[in-house]
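To start, the structure under review is shown below, and the notes come after it.
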Amino acid sequence: MTDFILKILDGFRRLFEILKVDYPKFRALLWIKLTIDNRQEKSVAQRKSNKEVSNSMIWVMFIYAFMGLFAGLLLVQIPSLFTALVIIQAMIMVMTAVALISDFSSVLLDTTDNAIIQFRPIDGRTLAVVRIVHITVYMLMITLSLSLGTLVVGTVKYGPVFTLTFPVSLIFSVLFIVFLSNIFYLLLIKISGEERFRDIILYFQIFMAAVALGSYQLLPRLMGASLLKGFTIEIRWWTYLVPPAWAAAPVDAAVRGVISKEALFLTLMGIGLPVLFVVVVVKYLAPGFNKALLELEKTGPAREKKTLGRSSPIFFSRIATSRPVERAAFQLVWLISSRDRKFKLKTYPTFGYMMIIAAVLTLRGKGGLAQTLQNLPNTKLYLVFLYVGCMLIPMTLFQMRLSDQFQAAWIYRSLPIARPGDLFRGGVKAMVVKFGGSIFFLLSIPTLFIWGPPVIDDIGLAFVNMIFTSYALSLIVKNELPFAKPYGVAREAQKGIAGFLLLILPGLLGLVHFGLTSIPYGVLVAVPVIAVLIWPVSKIIDSIRWDMIAPV
Amino acid sequence: MNHQNPIITLRDLKKSYDGTTDVLKGINLDIAPGQIIGYIGPNGAGKTTTVKIMIGMIPEFSGEVRVFGLNISDHAQDVKKRIGYVPETAALYETLTPNEFLRFLGQIHEIPGPEIQKRAADMLRLFGLKENADARMTSFSKGMKQKVLIIASMIHDPDILFMDEPLSGLDANMMVVVKEILSRLAAKGKTIFYCSHVMDVVERVCDRIVIIDKGTIIADGTFDELQGMNKGESLERIFTQLTGSSGQDRLAEEFISAFERDRKP
């Protein structure tokens, strides 16, 4: 695979040389990076013979291909090829951008190899291009799997011309997305001080991921399936501003064999802008990129203001935990989860877009928004609200086991800890209290505001269910202690698969809850029942022995 | 110094992070070729920062730094071609094998493939890593990784070697070998910039010792010269006299008494 990619790139050697990239060094470093990624995947598969997904990048591509199938069906549904392609390209671009920002930006901003590379004679431009090509390879893989369905359907419906032109248009879309995000990162590094840069990136990533995923939910609803049938996009002046139109126009023109002035112009935009971006990034911005990244590494002496004695982790650990090891783990996990940027980056976006999904599900009414809001108190839609909250907490548990400083986990084994389950319990409790507590607090406000005091028992049951779900789902990863496992490019994506699992249990509990609401006092009685059910699960956690824990 | 053409020149080198913390407060240093320089100082004195500036890893600083007579700010790439560096932390791409890693370095340094293979094979064999040459470094011990790092710093035959605790993790036999290699390299005219906390090694290996404390050089000379100034018998004593703020004995005493204080109700 690595050799195949490099062979393809060899064909474009002249292009790289025109951009003043030192091609042999570029090739050497890219080989290293791709090889390392491959091995990380493999070593996971080798080390773990249990349920762990062995080759997760393939799985991710499979899931994307599945989603892409629906995009392909749009070609059948929508008579206008141009319109269908604009929508499909928009979807692919958004998905790619989201993947880039939420999962793969670590590749772009990675500074771990500075100590190996930086003092070697390799210039900043070549380094930056390696970074960009490395990430583009992954983005292309994702895009290709997303577009597979469209390619097949399009070939059947429009013939071989489509087969040939569509993939080319995709490459330019990916280049556009990758370089756009690059320009954004580079400008941000230049404008903001190095110290604040990572924070800004973090919050931007959280915001972007939430908005992108949210709009992905909203757009189809706004259009409506019936609307879609006779839907055509006319080329107006603003069409030129919509990137998916640039990629759609040439394919449409080629298939129909009619080249209009508008299509020609759009095509030129689609090819010209990515090329312009490449030149701008590589020529002007890239040489400074690594320099800026170097500065990022050095964090100033950040001092924590609070004296630990009165801080919230201490306070809550006293309430939530009883055993000493458990309490220590609770505080450790709480503190690290507040400070580790990567942890925040992986969890907070999910919070954001799940909230948007919850809002969408609650507010999608047949009539207007005002009417929907009026009807709301008569419905039981608050359950949607609350159970989306239930889904979020187990996600944080999956994140809790990952850290860049996973090597520090030697400490667990060096300490006289009889029951490693206590470490695990402490961590789970910290996540449940910290994120579960705050999310339920936030969700309760609008819920109580709209539905009033009668739903207090429902909030109670949902809360207990959230704790139960967290404990139960934490058993999936019970052989991994907090922050003891490294992140990896390929492994990041497992989140997606675990995500499917996460939907089932809270969904099921939500349905049961829905059923109970029609039985008098049903909800109230269920609260202690579920609470008691937590007990056997926590016994399983207690029974974890050291030989069950994955070695560091 | 009696040499006319220093290979490294630092002039009024200053560095501060976020404008407040001054790490280096004006370092002036001339280093002649063929010397082994011991660069020592307490934790946080600015040793690693100095080295990273000299090898072009930290581009922002004030003052002038010339290596091979070239200004590092303008000619970082040319300087990097002719230097080797052993970082303090054993940073390696551990999923690679030593052979793969060294081949990669050869490509970066534009050494022909067969040549680098031969060098890598020889060096790995001599360091007792022949059997592990094609094994992934994830499984390596600290000492084995350190050996790979040392080979990696020398594989392109650099003219200056910057080494930050190069002997850490090595066994006694290997330390002797590396020390011997360093003196022979120096005899061949290579310059070695040696940072360490291990005083007796610095005392024996280095031709010249520079002590830095809180971002300024506080002593500079051969071991004999330093002894003459300060009447101490070992470098360790000289070092503690020069850099220790309060008596080390009292510090140790207080450290021990921390237990007693703790036991009181």
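For the structure tokens, the naming scheme is as follows: chains receive sequential letters (A, B, ...) according to their order of presentation, residues are indexed from 1 within each chain, and ligands are indexed from 1 in presentation order.
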>> List as a list in words the protein and nucleic acid residues near Met163 (chain B), meaning an atom at most 10 Å away when only C-alpha atoms are counted, but skip any in the same chain fewer than 6 places from it.
In response: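 The filter keeps Gly38, Tyr39, Thr48, Val51, Gly84, Tyr85, Val86, Pro87, Glu88, Ile150, Ser153, Ile192, Phe193, Tyr194, Cys195 and Ser196 of chain B.
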>> Give me, as a PyMOL selection string, the residues of chain A touching chain B, with the criterion being at most 7 Å (counting only C-alpha atoms).
In response: chain A and resi 25+28+36+39+115-116+118-123+300
For the residues selected in the previous step, produce a file with all heavy atoms as a short mmCIF file (atom, residue, chain, number, x, y, z; two decimals), in the first residue's frame.
data_model
loop_
_atom_site.label_atom_id
_atom_site.label_comp_id
_atom_site.auth_asym_id
_atom_site.auth_seq_id
_atom_site.Cartn_x
_atom_site.Cartn_y
_atom_site.Cartn_z
N LYS A 25 14.18 13.47 -0.17
CA LYS A 25 13.96 13.57 1.28
C LYS A 25 12.47 13.47 1.60
O LYS A 25 12.08 12.84 2.58
CB LYS A 25 14.53 14.88 1.81
CG LYS A 25 16.04 14.91 1.78
CD LYS A 25 16.57 16.22 2.32
CE LYS A 25 18.07 16.28 2.09
NZ LYS A 25 18.63 17.56 2.52
N ALA A 28 11.52 9.89 1.37
CA ALA A 28 12.04 9.12 2.51
C ALA A 28 11.18 9.33 3.74
O ALA A 28 10.81 8.37 4.44
CB ALA A 28 13.48 9.53 2.79
N ILE A 36 5.08 3.74 9.59
CA ILE A 36 4.76 3.76 11.02
C ILE A 36 3.26 3.57 11.23
O ILE A 36 2.84 2.79 12.08
CB ILE A 36 5.25 5.07 11.66
CG1 ILE A 36 6.78 5.05 11.72
CG2 ILE A 36 4.67 5.25 13.04
CD1 ILE A 36 7.39 6.36 12.13
N ARG A 39 2.32 0.00 10.76
CA ARG A 39 2.77 -0.90 11.83
C ARG A 39 1.95 -0.71 13.08
O ARG A 39 1.72 -1.64 13.81
CB ARG A 39 4.24 -0.61 12.14
CG ARG A 39 5.06 -0.97 10.94
CD ARG A 39 6.38 -1.53 11.31
NE ARG A 39 7.03 -1.95 10.09
CZ ARG A 39 8.30 -1.72 9.81
NH1 ARG A 39 9.05 -1.12 10.71
NH2 ARG A 39 8.81 -2.12 8.69
N ALA A 115 12.11 16.17 17.72
CA ALA A 115 13.40 15.83 18.30
C ALA A 115 14.20 14.92 17.37
O ALA A 115 15.40 14.78 17.53
CB ALA A 115 13.20 15.16 19.65
N ILE A 116 13.51 14.28 16.43
CA ILE A 116 14.22 13.39 15.51
C ILE A 116 14.59 14.10 14.22
O ILE A 116 15.67 13.93 13.68
CB ILE A 116 13.34 12.16 15.19
CG1 ILE A 116 12.97 11.43 16.47
CG2 ILE A 116 14.06 11.21 14.24
CD1 ILE A 116 11.93 10.36 16.29
N GLN A 118 14.15 17.66 13.40
CA GLN A 118 14.38 19.09 13.28
C GLN A 118 15.85 19.48 13.09
O GLN A 118 16.15 20.47 12.47
CB GLN A 118 13.80 19.80 14.51
CG GLN A 118 13.41 21.23 14.27
CD GLN A 118 12.33 21.35 13.22
OE1 GLN A 118 11.39 20.58 13.20
NE2 GLN A 118 12.46 22.31 12.33
N PHE A 119 16.76 18.70 13.63
CA PHE A 119 18.17 19.09 13.51
C PHE A 119 18.83 18.43 12.30
O PHE A 119 20.03 18.52 12.12
CB PHE A 119 18.93 18.76 14.80
CG PHE A 119 18.92 17.30 15.14
CD1 PHE A 119 19.94 16.47 14.69
CD2 PHE A 119 17.89 16.76 15.90
CE1 PHE A 119 19.93 15.13 14.98
CE2 PHE A 119 17.88 15.41 16.20
CZ PHE A 119 18.91 14.60 15.73
N ARG A 120 18.03 17.72 11.51
CA ARG A 120 18.57 17.12 10.30
C ARG A 120 18.40 18.10 9.14
O ARG A 120 17.50 18.94 9.17
CB ARG A 120 17.83 15.82 9.97
CG ARG A 120 17.87 14.79 11.07
CD ARG A 120 19.21 14.09 11.11
NE ARG A 120 19.28 13.15 12.23
CZ ARG A 120 20.39 12.48 12.55
NH1 ARG A 120 21.50 12.67 11.88
NH2 ARG A 120 20.39 11.64 13.57
N PRO A 121 19.26 17.97 8.13
CA PRO A 121 19.18 18.93 7.02
C PRO A 121 17.98 18.66 6.12
O PRO A 121 18.11 18.08 5.06
CB PRO A 121 20.49 18.71 6.26
CG PRO A 121 20.88 17.33 6.59
CD PRO A 121 20.39 17.06 7.97
N ILE A 122 16.83 19.06 6.57
CA ILE A 122 15.62 18.94 5.73
C ILE A 122 14.85 20.23 5.94
O ILE A 122 14.61 20.64 7.07
CB ILE A 122 14.83 17.66 6.11
CG1 ILE A 122 13.56 17.53 5.28
CG2 ILE A 122 14.52 17.60 7.58
CD1 ILE A 122 12.96 16.13 5.36
N ASP A 123 14.51 20.90 4.84
CA ASP A 123 14.00 22.27 5.00
C ASP A 123 12.51 22.28 5.37
O ASP A 123 11.80 21.29 5.20
CB ASP A 123 14.23 23.08 3.73
CG ASP A 123 13.59 22.46 2.53
OD1 ASP A 123 14.03 21.35 2.12
OD2 ASP A 123 12.65 23.04 1.99
N GLY A 300 4.63 27.70 28.20
CA GLY A 300 5.18 28.52 29.27
C GLY A 300 4.87 27.88 30.61
O GLY A 300 4.16 26.90 30.70
#
> Excluding same-chain residues fewer than 5 positions from region 22-24 of chain A, what lies within 7 Å of it counting only C-alpha atoms, as a ChimeraX atom specification?
Replying inline: /A:13,16-17,126
>> Counting only C-alpha atoms, which residue out of B:Leu13, B:Asn173, B:Ala121, B:Ile209 sits closest to Val148 (chain B)?
In response: B:Ala121
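Each of B:Ala187, B:Leu102, B:Val65, B:Met175 was compared to Pro6 (chain B) using only C-alpha atoms, and B:Val65 turns out to be the nearest.
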Thr321 (chain A) surroundings by only C-alpha atoms, 10 Å radius, close-in-sequence under 3 positions cut, as a PDB file with N, CA, C and O atoms, in the first residue's frame:
ATOM      1  N   PHE A 316     -15.868  16.534  45.019  1.00  0.00           N
ATOM      2  CA  PHE A 316     -16.739  15.482  44.514  1.00  0.00           C
ATOM      3  C   PHE A 316     -16.207  14.091  44.815  1.00  0.00           C
ATOM      4  O   PHE A 316     -16.978  13.150  44.991  1.00  0.00           O
ATOM      5  N   SER A 317     -14.877  13.972  44.882  1.00  0.00           N
ATOM      6  CA  SER A 317     -14.338  12.637  45.158  1.00  0.00           C
ATOM      7  C   SER A 317     -14.728  12.203  46.564  1.00  0.00           C
ATOM      8  O   SER A 317     -14.925  11.024  46.823  1.00  0.00           O
ATOM      9  N   ARG A 318     -14.855  13.169  47.473  1.00  0.00           N
ATOM     10  CA  ARG A 318     -15.267  12.811  48.835  1.00  0.00           C
ATOM     11  C   ARG A 318     -16.680  12.258  48.846  1.00  0.00           C
ATOM     12  O   ARG A 318     -17.011  11.374  49.613  1.00  0.00           O
ATOM     13  N   PRO A 324      -9.621   4.414  49.106  1.00  0.00           N
ATOM     14  CA  PRO A 324      -8.526   5.364  48.848  1.00  0.00           C
ATOM     15  C   PRO A 324      -8.026   5.346  47.401  1.00  0.00           C
ATOM     16  O   PRO A 324      -7.855   6.394  46.780  1.00  0.00           O
ATOM     17  N   VAL A 325      -7.823   4.142  46.840  1.00  0.00           N
ATOM     18  CA  VAL A 325      -7.305   4.044  45.474  1.00  0.00           C
ATOM     19  C   VAL A 325      -8.311   4.630  44.498  1.00  0.00           C
ATOM     20  O   VAL A 325      -7.979   5.366  43.567  1.00  0.00           O
ATOM     21  N   GLU A 326      -9.565   4.315  44.755  1.00  0.00           N
ATOM     22  CA  GLU A 326     -10.637   4.811  43.910  1.00  0.00           C
ATOM     23  C   GLU A 326     -10.667   6.340  43.935  1.00  0.00           C
ATOM     24  O   GLU A 326     -10.799   6.996  42.903  1.00  0.00           O
ATOM     25  N   ARG A 327     -10.500   6.885  45.126  1.00  0.00           N
ATOM     26  CA  ARG A 327     -10.541   8.336  45.266  1.00  0.00           C
ATOM     27  C   ARG A 327      -9.371   8.991  44.536  1.00  0.00           C
ATOM     28  O   ARG A 327      -9.531   9.993  43.841  1.00  0.00           O
ATOM     29  N   ALA A 328      -8.214   8.364  44.661  1.00  0.00           N
ATOM     30  CA  ALA A 328      -7.026   8.899  43.976  1.00  0.00           C
ATOM     31  C   ALA A 328      -7.237   8.888  42.470  1.00  0.00           C
ATOM     32  O   ALA A 328      -6.940   9.866  41.771  1.00  0.00           O
ATOM     33  N   ALA A 329      -7.778   7.761  41.972  1.00  0.00           N
ATOM     34  CA  ALA A 329      -8.002   7.648  40.524  1.00  0.00           C
ATOM     35  C   ALA A 329      -9.039   8.669  40.071  1.00  0.00           C
ATOM     36  O   ALA A 329      -8.908   9.284  39.006  1.00  0.00           O
ATOM     37  N   PHE A 330     -10.058   8.873  40.871  1.00  0.00           N
ATOM     38  CA  PHE A 330     -11.101   9.852  40.572  1.00  0.00           C
ATOM     39  C   PHE A 330     -10.479  11.229  40.355  1.00  0.00           C
ATOM     40  O   PHE A 330     -10.726  11.895  39.359  1.00  0.00           O
ATOM     41  N   ASP A 422     -10.366  -0.773  41.240  1.00  0.00           N
ATOM     42  CA  ASP A 422     -10.575   0.477  41.959  1.00  0.00           C
ATOM     43  C   ASP A 422     -10.139   1.677  41.126  1.00  0.00           C
ATOM     44  O   ASP A 422     -10.776   2.729  41.150  1.00  0.00           O
ATOM     45  N   ARG A 425     -12.847   2.021  38.531  1.00  0.00           N
ATOM     46  CA  ARG A 425     -14.056   2.584  39.139  1.00  0.00           C
ATOM     47  C   ARG A 425     -13.931   4.070  39.393  1.00  0.00           C
ATOM     48  O   ARG A 425     -14.842   4.843  39.119  1.00  0.00           O
ATOM     49  N   GLY A 426     -12.765   4.451  39.929  1.00  0.00           N
ATOM     50  CA  GLY A 426     -12.534   5.871  40.202  1.00  0.00           C
ATOM     51  C   GLY A 426     -12.658   6.690  38.931  1.00  0.00           C
ATOM     52  O   GLY A 426     -13.280   7.752  38.912  1.00  0.00           O
ATOM     53  N   LYS A 429     -16.274   6.818  37.719  1.00  0.00           N
ATOM     54  CA  LYS A 429     -17.050   7.738  38.559  1.00  0.00           C
ATOM     55  C   LYS A 429     -16.726   9.194  38.249  1.00  0.00           C
ATOM     56  O   LYS A 429     -17.622  10.045  38.224  1.00  0.00           O
ATOM     57  N   ALA A 430     -15.436   9.453  38.023  1.00  0.00           N
ATOM     58  CA  ALA A 430     -15.058  10.833  37.713  1.00  0.00           C
ATOM     59  C   ALA A 430     -15.771  11.312  36.456  1.00  0.00           C
ATOM     60  O   ALA A 430     -16.292  12.427  36.408  1.00  0.00           O
TER      61      ALA A 430
END
>> When you look at region 541-543 of chain A with a cut-off of 7 Å (counting only C-alpha atoms), what residues show up, excluding the ones that are within fewer than 2 positions of it in the same chain? I need them as an MDAnalysis selection string.
In response: chainID A and resid 419 421:422 425 537:539 545
Residues from last step as file, all heavy atoms, as a PDB file, in the first residue's frame:
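What follows is the written file selection_16.pdb:
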ATOM      1  N   ARG A 419      -6.560  -4.185  43.961  1.00  0.00           N
ATOM      2  CA  ARG A 419      -7.640  -4.336  42.986  1.00  0.00           C
ATOM      3  C   ARG A 419      -7.534  -3.258  41.920  1.00  0.00           C
ATOM      4  O   ARG A 419      -7.869  -2.093  42.175  1.00  0.00           O
ATOM      5  CB  ARG A 419      -8.983  -4.195  43.695  1.00  0.00           C
ATOM      6  CG  ARG A 419      -9.486  -5.468  44.337  1.00  0.00           C
ATOM      7  CD  ARG A 419     -10.765  -5.196  45.034  1.00  0.00           C
ATOM      8  NE  ARG A 419     -10.613  -4.041  45.937  1.00  0.00           N
ATOM      9  CZ  ARG A 419     -11.422  -3.803  46.957  1.00  0.00           C
ATOM     10  NH1 ARG A 419     -12.435  -4.591  47.198  1.00  0.00           N
ATOM     11  NH2 ARG A 419     -11.220  -2.755  47.727  1.00  0.00           N
ATOM     12  N   GLY A 421      -9.400  -2.799  39.649  1.00  0.00           N
ATOM     13  CA  GLY A 421     -10.758  -2.337  39.407  1.00  0.00           C
ATOM     14  C   GLY A 421     -11.053  -1.022  40.122  1.00  0.00           C
ATOM     15  O   GLY A 421     -11.857  -0.224  39.652  1.00  0.00           O
ATOM     16  N   ASP A 422     -10.366  -0.773  41.240  1.00  0.00           N
ATOM     17  CA  ASP A 422     -10.575   0.477  41.959  1.00  0.00           C
ATOM     18  C   ASP A 422     -10.139   1.677  41.126  1.00  0.00           C
ATOM     19  O   ASP A 422     -10.776   2.729  41.150  1.00  0.00           O
ATOM     20  CB  ASP A 422      -9.786   0.467  43.283  1.00  0.00           C
ATOM     21  CG  ASP A 422     -10.481  -0.382  44.326  1.00  0.00           C
ATOM     22  OD1 ASP A 422     -11.571  -0.909  44.014  1.00  0.00           O
ATOM     23  OD2 ASP A 422      -9.937  -0.522  45.435  1.00  0.00           O
ATOM     24  N   ARG A 425     -12.847   2.021  38.531  1.00  0.00           N
ATOM     25  CA  ARG A 425     -14.056   2.584  39.139  1.00  0.00           C
ATOM     26  C   ARG A 425     -13.931   4.070  39.393  1.00  0.00           C
ATOM     27  O   ARG A 425     -14.842   4.843  39.119  1.00  0.00           O
ATOM     28  CB  ARG A 425     -14.299   1.906  40.487  1.00  0.00           C
ATOM     29  CG  ARG A 425     -15.289   0.802  40.459  1.00  0.00           C
ATOM     30  CD  ARG A 425     -15.236   0.086  41.788  1.00  0.00           C
ATOM     31  NE  ARG A 425     -15.797   0.906  42.843  1.00  0.00           N
ATOM     32  CZ  ARG A 425     -16.835   0.506  43.582  1.00  0.00           C
ATOM     33  NH1 ARG A 425     -17.378  -0.661  43.352  1.00  0.00           N
ATOM     34  NH2 ARG A 425     -17.297   1.272  44.526  1.00  0.00           N
ATOM     35  N   VAL A 537     -23.008  -4.846  38.322  1.00  0.00           N
ATOM     36  CA  VAL A 537     -22.023  -4.373  37.343  1.00  0.00           C
ATOM     37  C   VAL A 537     -20.768  -3.893  38.053  1.00  0.00           C
ATOM     38  O   VAL A 537     -19.639  -4.189  37.646  1.00  0.00           O
ATOM     39  CB  VAL A 537     -22.614  -3.239  36.484  1.00  0.00           C
ATOM     40  CG1 VAL A 537     -21.593  -2.766  35.454  1.00  0.00           C
ATOM     41  CG2 VAL A 537     -23.876  -3.707  35.783  1.00  0.00           C
ATOM     42  N   SER A 538     -20.966  -3.166  39.150  1.00  0.00           N
ATOM     43  CA  SER A 538     -19.788  -2.664  39.850  1.00  0.00           C
ATOM     44  C   SER A 538     -19.023  -3.816  40.509  1.00  0.00           C
ATOM     45  O   SER A 538     -17.826  -3.726  40.734  1.00  0.00           O
ATOM     46  CB  SER A 538     -20.189  -1.611  40.884  1.00  0.00           C
ATOM     47  OG  SER A 538     -20.617  -2.222  42.072  1.00  0.00           O
ATOM     48  N   LYS A 539     -19.731  -4.913  40.798  1.00  0.00           N
ATOM     49  CA  LYS A 539     -19.037  -6.106  41.315  1.00  0.00           C
ATOM     50  C   LYS A 539     -18.106  -6.681  40.241  1.00  0.00           C
ATOM     51  O   LYS A 539     -17.009  -7.151  40.547  1.00  0.00           O
ATOM     52  CB  LYS A 539     -20.052  -7.173  41.736  1.00  0.00           C
ATOM     53  CG  LYS A 539     -20.628  -6.955  43.129  1.00  0.00           C
ATOM     54  CD  LYS A 539     -19.579  -7.191  44.201  1.00  0.00           C
ATOM     55  CE  LYS A 539     -19.743  -6.100  45.244  1.00  0.00           C
ATOM     56  NZ  LYS A 539     -18.591  -5.879  46.097  1.00  0.00           N
ATOM     57  N   ARG A 545      -8.777  -8.432  37.695  1.00  0.00           N
ATOM     58  CA  ARG A 545      -7.477  -8.756  38.275  1.00  0.00           C
ATOM     59  C   ARG A 545      -6.384  -8.177  37.384  1.00  0.00           C
ATOM     60  O   ARG A 545      -6.605  -7.829  36.236  1.00  0.00           O
ATOM     61  CB  ARG A 545      -7.306 -10.272  38.388  1.00  0.00           C
ATOM     62  CG  ARG A 545      -8.252 -10.939  39.359  1.00  0.00           C
ATOM     63  CD  ARG A 545      -7.894 -12.418  39.469  1.00  0.00           C
ATOM     64  NE  ARG A 545      -7.625 -13.017  38.169  1.00  0.00           N
ATOM     65  CZ  ARG A 545      -8.575 -13.543  37.390  1.00  0.00           C
ATOM     66  NH1 ARG A 545      -9.833 -13.535  37.777  1.00  0.00           N
ATOM     67  NH2 ARG A 545      -8.249 -14.071  36.226  1.00  0.00           N
TER      68      ARG A 545
END
>> Let's see if you can do this: from backbone DSSP, list all alpha helix (DSSP H) residues in region 58-257 of chain B, as JSON, numbers by chain.
In response: {"B": [72, 73, 74, 75, 76, 77, 78, 79, 80, 81, 98, 99, 100, 101, 102, 103, 104, 105, 106, 107, 108, 113, 114, 115, 116, 117, 118, 119, 120, 121, 122, 123, 124, 125, 126, 142, 143, 144, 145, 146, 147, 148, 149, 150, 151, 152, 153, 154, 172, 173, 174, 175, 176, 177, 178, 179, 180, 181, 182, 183, 184, 185, 186, 187, 199, 200, 201, 202, 203, 204, 205, 223, 224, 225, 226, 227, 228, 229, 230, 235, 236, 237, 238, 239, 240, 241, 242, 243, 248, 249, 250, 251, 252, 253, 254, 255, 256, 257]}
>> as a list in words, please: the residues near Ser470 (chain A) (cut-off 8 Å, only C-alpha atoms, same-chain neighbours under 2 positions excluded).
In response: Ile393, Pro394, Leu397, Val428, Val432, Met466, Ile467, Phe468, Ala472, Leu473 and Ser474 of chain A
How would the residues just chosen look if you wrote them out with all heavy atoms as a tab-separated table (two decimals), in the first residue's frame?
chain	number	residue	atom	x	y	z
A	393	ILE	N	-21.98	10.11	27.99
A	393	ILE	CA	-21.04	9.77	29.06
A	393	ILE	C	-20.21	8.54	28.74
A	393	ILE	O	-18.99	8.56	28.93
A	393	ILE	CB	-21.78	9.61	30.41
A	393	ILE	CG1	-22.71	10.81	30.61
A	393	ILE	CG2	-20.80	9.51	31.55
A	393	ILE	CD1	-22.08	12.16	30.38
A	394	PRO	N	-20.84	7.46	28.24
A	394	PRO	CA	-20.00	6.31	27.88
A	394	PRO	C	-18.92	6.68	26.86
A	394	PRO	O	-17.82	6.13	26.91
A	394	PRO	CB	-20.99	5.32	27.27
A	394	PRO	CG	-22.30	5.68	27.88
A	394	PRO	CD	-22.26	7.16	28.07
A	397	LEU	N	-15.89	7.67	28.45
A	397	LEU	CA	-15.18	6.53	29.03
A	397	LEU	C	-14.24	5.89	28.02
A	397	LEU	O	-13.17	5.42	28.37
A	397	LEU	CB	-16.17	5.48	29.53
A	397	LEU	CG	-17.06	5.95	30.67
A	397	LEU	CD1	-18.11	4.90	30.97
A	397	LEU	CD2	-16.23	6.23	31.91
A	428	VAL	N	-14.23	5.86	36.10
A	428	VAL	CA	-15.62	5.86	35.60
A	428	VAL	C	-16.46	6.85	36.41
A	428	VAL	O	-17.22	7.65	35.85
A	428	VAL	CB	-16.22	4.45	35.67
A	428	VAL	CG1	-17.70	4.48	35.34
A	428	VAL	CG2	-15.50	3.51	34.71
A	432	VAL	N	-18.54	10.10	35.14
A	432	VAL	CA	-19.99	10.17	35.37
A	432	VAL	C	-20.35	11.42	36.14
A	432	VAL	O	-21.28	12.15	35.78
A	432	VAL	CB	-20.47	8.91	36.12
A	432	VAL	CG1	-21.89	9.10	36.62
A	432	VAL	CG2	-20.39	7.68	35.22
A	466	MET	N	-28.35	6.68	33.06
A	466	MET	CA	-27.08	7.17	32.54
A	466	MET	C	-25.94	6.52	33.32
A	466	MET	O	-24.97	6.03	32.74
A	466	MET	CB	-27.02	8.70	32.67
A	466	MET	CG	-25.78	9.36	32.13
A	466	MET	SD	-24.47	9.52	33.34
A	466	MET	CE	-25.16	10.73	34.45
A	467	ILE	N	-26.08	6.47	34.64
A	467	ILE	CA	-25.04	5.84	35.45
A	467	ILE	C	-24.93	4.36	35.11
A	467	ILE	O	-23.84	3.82	34.91
A	467	ILE	CB	-25.34	6.03	36.95
A	467	ILE	CG1	-25.32	7.52	37.30
A	467	ILE	CG2	-24.32	5.28	37.80
A	467	ILE	CD1	-25.76	7.82	38.70
A	468	PHE	N	-26.10	3.73	34.99
A	468	PHE	CA	-26.11	2.30	34.66
A	468	PHE	C	-25.45	2.05	33.29
A	468	PHE	O	-24.59	1.18	33.16
A	468	PHE	CB	-27.55	1.78	34.65
A	468	PHE	CG	-27.66	0.35	34.21
A	468	PHE	CD1	-27.23	-0.67	35.05
A	468	PHE	CD2	-28.17	0.02	32.97
A	468	PHE	CE1	-27.31	-1.99	34.65
A	468	PHE	CE2	-28.25	-1.30	32.56
A	468	PHE	CZ	-27.83	-2.31	33.41
A	472	ALA	N	-22.17	-0.15	32.57
A	472	ALA	CA	-22.29	-1.34	31.72
A	472	ALA	C	-21.38	-1.23	30.50
A	472	ALA	O	-20.66	-2.17	30.17
A	472	ALA	CB	-23.74	-1.51	31.28
A	473	LEU	N	-21.38	-0.07	29.84
A	473	LEU	CA	-20.57	0.06	28.64
A	473	LEU	C	-19.09	0.16	28.96
A	473	LEU	O	-18.25	-0.18	28.14
A	473	LEU	CB	-21.03	1.27	27.82
A	473	LEU	CG	-22.36	1.06	27.12
A	473	LEU	CD1	-22.83	2.34	26.46
A	473	LEU	CD2	-22.27	-0.05	26.08
A	474	SER	N	-18.79	0.61	30.17
A	474	SER	CA	-17.38	0.69	30.54
A	474	SER	C	-16.76	-0.70	30.58
A	474	SER	O	-15.56	-0.87	30.47
A	474	SER	CB	-17.20	1.38	31.88
A	474	SER	OG	-17.60	0.52	32.92
>> as a ChimeraX atom specification, please: the residues near Thr216 (chain B) (cut-off 8 Å, only C-alpha atoms, same-chain neighbours under 6 positions excluded).
In response: /B:24-27
> Could you pull out the strand (DSSP E) residues of region 43-169 of chain B from DSSP and send them as an MDAnalysis selection string?
Replying inline: chainID B and resid 62:67 70:71 83:86 160:164
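Atom to atom, CA of Glu180 (chain B) and CA of Thr50 (chain B) stand 25.5 Å apart.
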> Smallest atom-to-atom distance to Leu185 (chain B): which of B:Gln35, B:Ser73, B:Thr97, B:Ser141, using only C-alpha atoms?
Replying inline: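 So, comparing all the options, the nearest one is B:Gln35.
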